[in-house]
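Report on the structure given below.
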Amino acid sequence: MVLTLLIFIPIAGSLLVALLPDQRAALFKWIALGVAILELVLSGLAYISFNTKQVGYQLLEQADWITVPLGNLGIASIDYVVGVDGISLPLVVLSAVVLLAGVISSWTIDHRQKAYFALYLLLTGTVMGCFVALDFFLFFLFFEFMLLPMYFLIGLWGGPRREYASIKFFLYTLLGSLLILLVMIGLYLSVIDPISTAVAVGFISDPSEATADVVRLIQNQLRYYQLNPAMVVHTFDIRYLADGGNYLPNAFLSLTGEPIVLGLPARLLAFWAVFIGFAIKLPIVPLHTWLPDAHVEAPTPVSVVLAGVLLKIGGYGFLRIAWGLFPDGGAEFARTLAGLGTLSIVYGGLNALAQYDVKKMIAYSSVSHMGFVLLGVASLTAEGINGAIYQMVSHGVLSAMLFLIAGVVYDRTHDRRIDSYRGLMQPMPQYATLTAVAFFGSLGLPGFSGFVGELFTLMGSFQSLWLPGWYTAVSTLGIVLAAAYFLWTLQRMFFGPFWSRHETSTQNGVSVLTDLTAREKLLLIPLGILALVLGLFPNLIFNLTSTTVAQWLEKFMVQ
Amino acid sequence: MPDDVPPILPLLTAAILLTPFAGFLVLLRAGHRSAGRIAVLLTGLGLVASVVLAMSMPVQSIALRINWVALQHITFDVGFRLDTLTALMLMLVHGVALLVQLYSISYLHDEPRLPRYFSYLQLFVGAMLGIVLAGDLIIMYAFWELVGLASYLLIGFYTERPSAVRAAKKAFLMNRIGDVGFLIGIFLTYFYTNATELPTEGASALPTVVGLCLFMGCVGKSAQFPLLTWLPDAMEGPTPVSALLHAATMVAAGIFLLLRIYPILSPDALSIIALVGTITAMWGGYSAVFQHDIKKVLAFSTVSQLGLMVAGVGTGNPTGALFHLLTHAFFKAGLFLSAGAVIHGVETQDMRHMGGLRKTLPGTFVAYTVCAAALAGLPLLSGFLSKEVILAGAFQWADVQDNGLAYAIPALLLLSSGLTALYMVRQWQMVFFGPYRNHALPLQQVHEPDALMRIPVGLLALLSIGFWFSLNPFHAQDSWFFDVFAPATETAEVSWLAPVSIALVALGGYVGFLLRNHDNNAGAMTRSYVRLSVEYGFLDAIYQFIIIKPIRQLATLLYRTDQRVVDGAVNGLGVGSVVTAHLTNLLDRWGVDGVVNGAAWVAGRLGRLARSVQNGRVQSYITAAVVGLLLMLWWLL
C-alpha cells in the first residue's frame with residue numbers, strides 16, 4: 001500500500017488544491033507541506049521495511065488494468081505494477097527529501113499560488129510514480145506526465161527568458177520520450193507474460209498457481225513456436241521484459257540479433273534509442289544544453305527539484321531500462337558510453353569554470369557530476385554501479401543545497417552574477433559558512449557524500465575489464481576542475497573586502513544583503529548534515545543497493 | 001586483530017583521534033578568552049594519551065579496522081595501524097601543536113576571530129592524526145584531503161585579505177593535483193592487490209607506475225618539484241600556522257606517506273623519487289638565497305629540507321629521512337616561532353628593514369641562532385646528525401648503482417646543504433646584525449614577547465641540540481632513534497663526509513655573510529640570478545603561461561562552443577523546424593491548395609468552354625462535325 005499512497009496522496013493533494021476556492025490561498029502551501037511530510041514518512045516506512053538481503057522487487061503491488069484480445073496479435077495487457085528494489089528505493093527516499101525541501105523553499109511564492117502548488121504536487125506524484133512503476137507503460141505515463149507540471153512551473157514562475165527555457169526543456173525531453181516510446185512499443189510486441197499466457201492457454205487456472213516450472217514450460221513452447229499466437233499475452237511488465245526467455249523468437253527485438261536496421265541489430269539500435277532518451281534527462285554532453293537554460297530561468301524551488309530529483313530519472317532509466325533490458329547493448333558499447341561519461345565530466349567542469357552566473361556554474365557542475373553516473377554505470381562493476389547510484393543520491397542532496405544557496409542571494413538582489421559581489425562573508429557570515437560547506441561537499445571533500453560517489457564510480461571504471469585505465473585518469477581531472485571552479489567562486493564572491501553592485505540598494509535604510517533567515521537555515525543545515533552523514537556512513541545507501549546490483553550484474557557475467 | 005591487543009588501545013586511539021574533531025566543533029562557539037585554553041587543554045590531553053599509547057604498545061604493529069563499505073563480497077574498512085612510527089608521529093604532532101597553540105594565545109591575542117582560529121587548528125590536528133593513524137590508503141587519502149581543508153582555512157584565515165585567499169586557493173588546488181595522482185595510485189594498488197590496505201613490511205614491490213602515482217600525493221603535500229610554489233604563498237597565513245603546518249608537520253605528511261608505502265616502491269620508482277627530491281632540494285635552496293621576506297626564506301628552506309628527506313627515501317634510507325623529519329620539525333618550528341617574535345617586535349616581514357636586533361631581542365636571538373645553526377648543519381646540533389645520515393646513505397646508494405651519474409644525487413644534496421648555511425647566515429646577519437633599518441618603528445619600541453611566546457621558542461631551541469638524539473656528537477648510529485626504528489641495520493658511515501660537509505657549511509656561511517648587504521644597493525633586484533632566486537625559477541610565471549591561462553581560455557572557448565555550436569545546433573534545429581513549418585504552410589496554401597484551386601479553375605474553364613460549344617446553333621454544330629471529320633480522316637490516313 002505504501003508505494004501506491006506515495007503516488008496518489010500528492011495527486012489527491014493536487015486535486016484538493018485545485019478545487020479549493022482562491023480565498024483559501026493561505027491553505028495551499030500548508031497542504032503541500034503536509035503532503036511532502038507524509039511522503040517523507042512513507043518513504044521512510046519503505047526504507048525500514050525493505051529487506052536488504054532479499055533479491056528482487058519488494059513492496060510489490062499488482063492489479064490488472066487493461067486487457068484486450070487482439071485476435072492474431074495475441075492479448076494486450078497493461079498492468080498497474082509498482083515495487084522497489086535497491087536501485088529505486090534510494091532514489092525514492094531522496095525524492096521525498098528534496099521535494100520537501102522544495103516545498104519549504106516555495107514558501108515565498110506569492111502569485112498564482114493555487115496553480116503553483118497544484119502543479120508542484122502533481123509533479124511530486126508523477127516523480128514518485130516514475131521511480132516505483134514496474135510496468136513500462138505506467139512508467140512512461142508518469143514520465144510524460146512529469147513534463148506537464150515542469151513546463152508550466154518554469155514557464156509561468158520563471159525568469160525573463162522563461163518561455164524559451166521551458167519550451168526548450170519540453171521539446172528536448174519530448175524528443176527523448178519519442179525514442180523511448182518507439183522502443184517501448186517494440187518491446188511490447190516482442191515479449192510475452194509467461195504466467196498470463198499460461199492462464200490464457202489453460203495450463204493453470206489462476207496466476208497464483210504459477211511456478212518456475214510453468215514459466216519454463218511456456219518459455220520452451222515459445223521458443224519452438226508451439227504457442228497459439230492468439231493466446232499469447234503481451235506485456236509491458238519490466239520484470240518480464242528483463243528476462244530473455246520471454247522474447248518471441250522471430251520478433252523485432254528478439255535476442256537473435258536479427259533483424260538488422262541501419263546497419264545495427266535492432267536490439268542495439270533500440271539500446272541507443274532509450275540511451276539517448278534518458279541521456280537527455282541526465283543530461284549527457286552533447287544533449288545537455290537545455291539544462292543551464294532551464295536552471296537559470298526556473299524559480300529556486302523548481303531548480304532544486306530539477307537538479308535534485310528529475311536528473312536522477314535519467315540515471316534510473318539507464319539502470320532499469322537501457323542497461324536493464326538491453327544488457328547486450330550496454331556491454332557492446334561500454335567504451336563509447338564511458339567515453340561519453342568522461343566527456344561530460346571534463347566538458348561540464350571546464351564550462352563551469354567559464355561561468356559568471358552562479359546558477360549556470362552549478363548547472364554545468366551538475367553536468368560534470370552526472371558524467372560520473374554514466375561512467376560508473378558503463379563500467380559494469382559492482383563498485384561502479386553502486387557508486388553511480390550513490391552519486392545520484394549524493395548529488396541530489398548537494399545540488400539541492402547549491403541551488404538553494406544561489407536562491408538566497410537572488411532573493412535579496414535579483415542578481416546572481418558572481419562578479420556583482422565581493423566579500424559577502426562580512427555582511428553574511430552564516431551564508432558564507434554554509435556555502436563553503438556545500439562547495440567543499442560538492443568538490444568531493446572526504447567526509448561528505450560527494451567523495452564517496454566519485455571514489456566508487458572512478459574505482460569501478462578503473463577496475464572495469466571493459467574500459468581502458470586512461471578513461472579514469474582523464475575523469476579525475478573533473479575533481480581538480482571542481483575544486484577550481486568552486487574555490488574560485490568562493491574567492492570571488494565571499495572573500496576579500498566587501499563590495500556589491502547592490503551596496504546602495506537598501507530598504508528603509510537596511511542593506512538588502514542580510515544574513516540567512518530561519519527558514520533558509522532550516523533548509524540548508526539539515527541538507528548539509530545529511531550530506532555529511534551519508535559521507536561518513538555510506539553503507540546507509542550501499543546496504544540498499546549492493547544486493548540488487550550484484551544480481552543486476554549477473555546478466556553481464558553470462559556474456 | 002591479534003588477540004593479545006590490550007583492550008585499552010582501540011579506545012585510546014579513538015579518543016586521540018576524535019578529541020580534536022570535538023574540539024573543532026566546540027571551539028567554533030567558544031569565547032575569546034577560553035578558546036586558547038580549551039585548545040591547549042585538548043592537545044595537552046592528546047599528548048598525554050599519546051605517551052600512554054606509546055608506552056603500552058606491543059612491539060609488532062597492530063591493525064584496527066571497522067567496516068566502512070560493504071558491497072556484497074567487496075568490503076572497504078576504516079583501518080588504522082599502530083606501530084612505533086605512529087607512536088612517534090603522534091607525540092611529535094601533539095607536541096609541536098601544543099607549543100604552537102600556547103604561542104598563538106599570546107601572538108594572536110587581539111585577533112577577534114580567535115576561537116575560529118583555534119577551531120581550525122584543532123581540525124588540522126585531527127586530520128593530521130588521521131593520516132598518522134591510517135592503516136588504509138583510502139582512509140589516509142580522506143584525512144590527507146582534510147588536512148588540505150585545514151590548510152586552506154588557515155592560510156586564508158584573513159579572509160578579507162585577497163592575497164591570503166588567493167594563496168589558500170592555490171595551495172588547495174596544487175595539492176588537489178597531487179592528490180589526483182595519489183588517488184590513481186590507490187586505484188592501481190587496488191587493481192594489483194585487490195586491497196587498499198597500506199603495505200606491510202616485506203610486501204613485494206608493485207610496478208613502478210603505482211609507486212610514482214602514490215608519490216604524487218607526496219609531491220603535492222610536501223611541496224616537491226614541480227608542485228612547490230604553493231608553499232611560499234602559504235606564508236600568508238598567521239606565523240604560528242606556518243610553523244605548525246607548513247614547516248613541522250603537515251608538509252612532512254608526504255614523507256610519512258613514502259615511509260608507509262616504502263615496501264611497494266620499485267627500484268626505478270625509488271630512483272625517480274630520489275631525483276625529484278634532489279631537484280627540489282636545490283631548487284628550494286637557491287630560491288631561498290635572495291628572498292627578502294623573513295618567512296619566505298624559511299619557507300624555501302623547508303622546501304629544500306623536504307627535498308632532502310624525499311631524496312633520503314629515494315636512496316633507500318627511509319629511517320634517515322624519518323630522523324631528519326623529526327629533527328627538522330623542532331628546529332624549523334623553532335625558527336618560525338622566533339621569526340614570529342621578530343615580526344611581532346618590528347612589525348614587518350621584510351628583512352631589509354630589520355637589522356641589529358640581537359641586543360633588543362636577546363632571547364629570540366639566542367633561540368634563533370641555535371635553531372638556524374641546527375638547520376645549517378653545525379656539529380653538536382640535531383640537524384647535523386640527521387643530514388649526515390641522509391648524505392651518507394645517498395653516497396652508499398650511489399656506490400651500488402650501475403650508472404656513475406648516480407653520484408650527482410648525493411653531490412647535489414651535499415651542495416644544497418652548503419646552500420642552507422649560506423641563506424641562513426645571510427638571514428641571521430640581516431635580522432640580527434648591522435644597523436637597525438626600520439624607519440617606521442623606532443628601535444625603542446621593539447620589545448621581546450611575553451613568556452607565553454618565549455617558552456615554546458626556548459623549548460624548541462633546546463630540542464634542536466644534538467645531545468637528545470645521540471650521545472656521539474658526530475654520528476647518530478648508536479642513538480636511541482636507530483635502536484627503535486632500525487635496530488637490525490647498520491647505518492651508513494662515510495668517514496670523509498663529516499669534515500667535507502663541515503667545510504662546505506663554513507664556505508656557504510662565509511658567502512652568506514658576504515651577501516648580507518647585497519640587496520641594500522639599488523639595482524640588485526634586477527640582476528638575473530637574483531630574479532631567478534626571488535621568483536623561484538619563474539615557476540609560477542611558467543604555470544600561468546602554460547597551464548592556467550590555456551585552461552581558462554579553453555573553458556571560455558568551450559563555453560562559447562557550447563552556446564554557439566551545440567546550442568546553436570539545437571536552436572538551429574528549432575528555427576529550422578519553424579521555418580520548415582512555415583514553408584510547408586506556404587506550400588500548402590500556394591502549392592497543394594494551389595493545385596486544388598487550380599484544378600477547380602481548369603475544370604471551371606473547361607466547363608465554360610464546353611458550355612459555349614453547346615450554343616444551339618446548327619451552323620456551329622455542322623462546322624464542328626466537319627472539322628472533326630477532317631481531323632479524323634487526317635489522323636487515320
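Ligands are numbered from 1 in the order shown, chains are lettered A, B, ... in the order of the C-alpha cells, and residues start at 1 in each chain.
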
Original post:
Contacts of B:Arg176 at 9 Å or less, counting only C-alpha atoms, minus same-chain residues fewer than 5 places along, as a ChimeraX atom specification?
Top reply: /A:479-480,483 /B:145,148,171,181,217,220

Taking only C-alpha atoms into account, produce a table as CSV in which each residue of chain A with an atom at most 7 Å from an atom of chain B appears once, together with its shortest atom pair and the distance in Å to one decimal, ordered by chain and rising number.
```
residue,atom,partner,partner_atom,distance
A:Pro286,CA,B:Val566,CA,6.7
A:Thr289,CA,B:Asp567,CA,5.9
A:Leu350,CA,B:Ala555,CA,4.8
A:Asn351,CA,B:Tyr559,CA,5.2
A:Leu353,CA,B:Ala555,CA,6.2
A:Ala354,CA,B:Thr556,CA,5.2
A:Gly423,CA,B:Glu160,CA,6.8
A:Leu445,CA,B:Glu145,CA,6.7
A:Pro446,CA,B:Ala142,CA,5.0
A:Met459,CA,B:Phe187,CA,5.9
A:Phe462,CA,B:Phe187,CA,6.7
A:Gln463,CA,B:Phe191,CA,6.2
A:Ala473,CA,B:Ile184,CA,6.9
A:Thr476,CA,B:Val180,CA,6.3
A:Val480,CA,B:Arg176,CA,6.0
A:Ala483,CA,B:Leu173,CA,6.6
A:Ala484,CA,B:Leu173,CA,6.6
A:Leu487,CA,B:Lys169,CA,6.3
A:Gln491,CA,B:Val165,CA,6.4
A:Phe495,CA,B:Thr159,CA,5.3
A:Gly496,CA,B:Glu160,CA,3.8
A:Pro497,CA,B:Glu160,CA,4.9
A:Phe537,CA,B:Trp68,CA,6.9
A:Pro538,CA,B:Val69,CA,6.4
A:Asn539,CA,B:Val69,CA,5.5
A:Phe542,CA,B:Leu71,CA,6.6
A:Ser546,CA,B:Leu71,CA,5.0
A:Thr547,CA,B:Gln72,CA,6.6
```

Subject >> Backbone-only DSSP, helix (DSSP H, G or I) members of stretch 46-140 of chain B, as an MDAnalysis selection string >> reply: chainID B and resid 46:55 84:107 114:133 137:140

Subject >> Secondary structure check, strand (DSSP E) residues of stretch 79-181 of chain B, as a PyMOL selection string >> reply: chain B and resi 79-82

Selection above as a file: N, CA and C atoms, as an mmCIF file, in the first residue's frame:
```
data_model
loop_
_atom_site.group_PDB
_atom_site.id
_atom_site.type_symbol
_atom_site.label_atom_id
_atom_site.label_comp_id
_atom_site.auth_asym_id
_atom_site.auth_seq_id
_atom_site.Cartn_x
_atom_site.Cartn_y
_atom_site.Cartn_z
ATOM 1 N N GLY B 79 40.514 1.513 8.367
ATOM 2 C CA GLY B 79 41.591 0.780 9.006
ATOM 3 C C GLY B 79 42.615 1.703 9.646
ATOM 4 N N PHE B 80 43.057 1.335 10.830
ATOM 5 C CA PHE B 80 44.114 2.102 11.491
ATOM 6 C C PHE B 80 45.287 1.183 11.786
ATOM 7 N N ARG B 81 46.449 1.767 11.873
ATOM 8 C CA ARG B 81 47.617 0.966 12.203
ATOM 9 C C ARG B 81 48.387 1.645 13.331
ATOM 10 N N LEU B 82 48.721 0.837 14.312
ATOM 11 C CA LEU B 82 49.528 1.350 15.419
ATOM 12 C C LEU B 82 50.869 0.666 15.391
#
```

**OP:** Using only C-alpha atoms, determine which residues lie at most 12 Å from A:Asp110, disregarding the query and same-chain residues fewer than 5 positions distant; provide the list as a list in words.
**Re:** Ala25, Ala26, Phe28, Lys29, Ala115, Tyr116, Phe117 and Trp157 of chain A

Just-selected residues, C-alpha atoms written as a PDB file, in the first residue's frame:
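This is the output file out04.pdb:
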```pdb
ATOM      1  CA  ALA A  25      -4.970  30.545  -0.727  1.00  0.00           C
ATOM      2  CA  ALA A  26      -3.194  30.579   2.634  1.00  0.00           C
ATOM      3  CA  PHE A  28      -2.286  25.774  -0.236  1.00  0.00           C
ATOM      4  CA  LYS A  29       1.280  25.807   0.976  1.00  0.00           C
ATOM      5  CA  ALA A 115      -1.755  26.781  -9.779  1.00  0.00           C
ATOM      6  CA  TYR A 116       1.772  26.610  -8.420  1.00  0.00           C
ATOM      7  CA  PHE A 117       1.078  24.233  -5.585  1.00  0.00           C
ATOM      8  CA  TRP A 157       7.116  31.332 -12.489  1.00  0.00           C
TER       9      TRP A 157
END
```

Original post:
Pick from A:Val261, A:Leu255, A:Val98, A:Val549: nearest to A:Glu383, with only C-alpha atoms counted?
Top reply: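 The closest residue to A:Glu383 is A:Val549.
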
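Restricting the calculation to only C-alpha atoms, the smallest distance between A:Ala298 and any of A:Asp237, A:Leu375, A:Gly155, A:Ser420 is found for A:Gly155.
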
Original post:
Restricting the calculation to only C-alpha atoms, which member of B:His32, B:Leu45, B:Val276, B:Thr369 is positioned closest to B:Asp110?
Top reply: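 Of the candidates, the smallest distance to B:Asp110 is held by B:His32.
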
Subject >> Interatomic distance (Å, one decimal) between atom CA of A:Tyr120 and atom CA of A:Pro149 >> reply: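 Computing the Euclidean distance for atom CA of A:Tyr120 and atom CA of A:Pro149 yields 6.8 Å.
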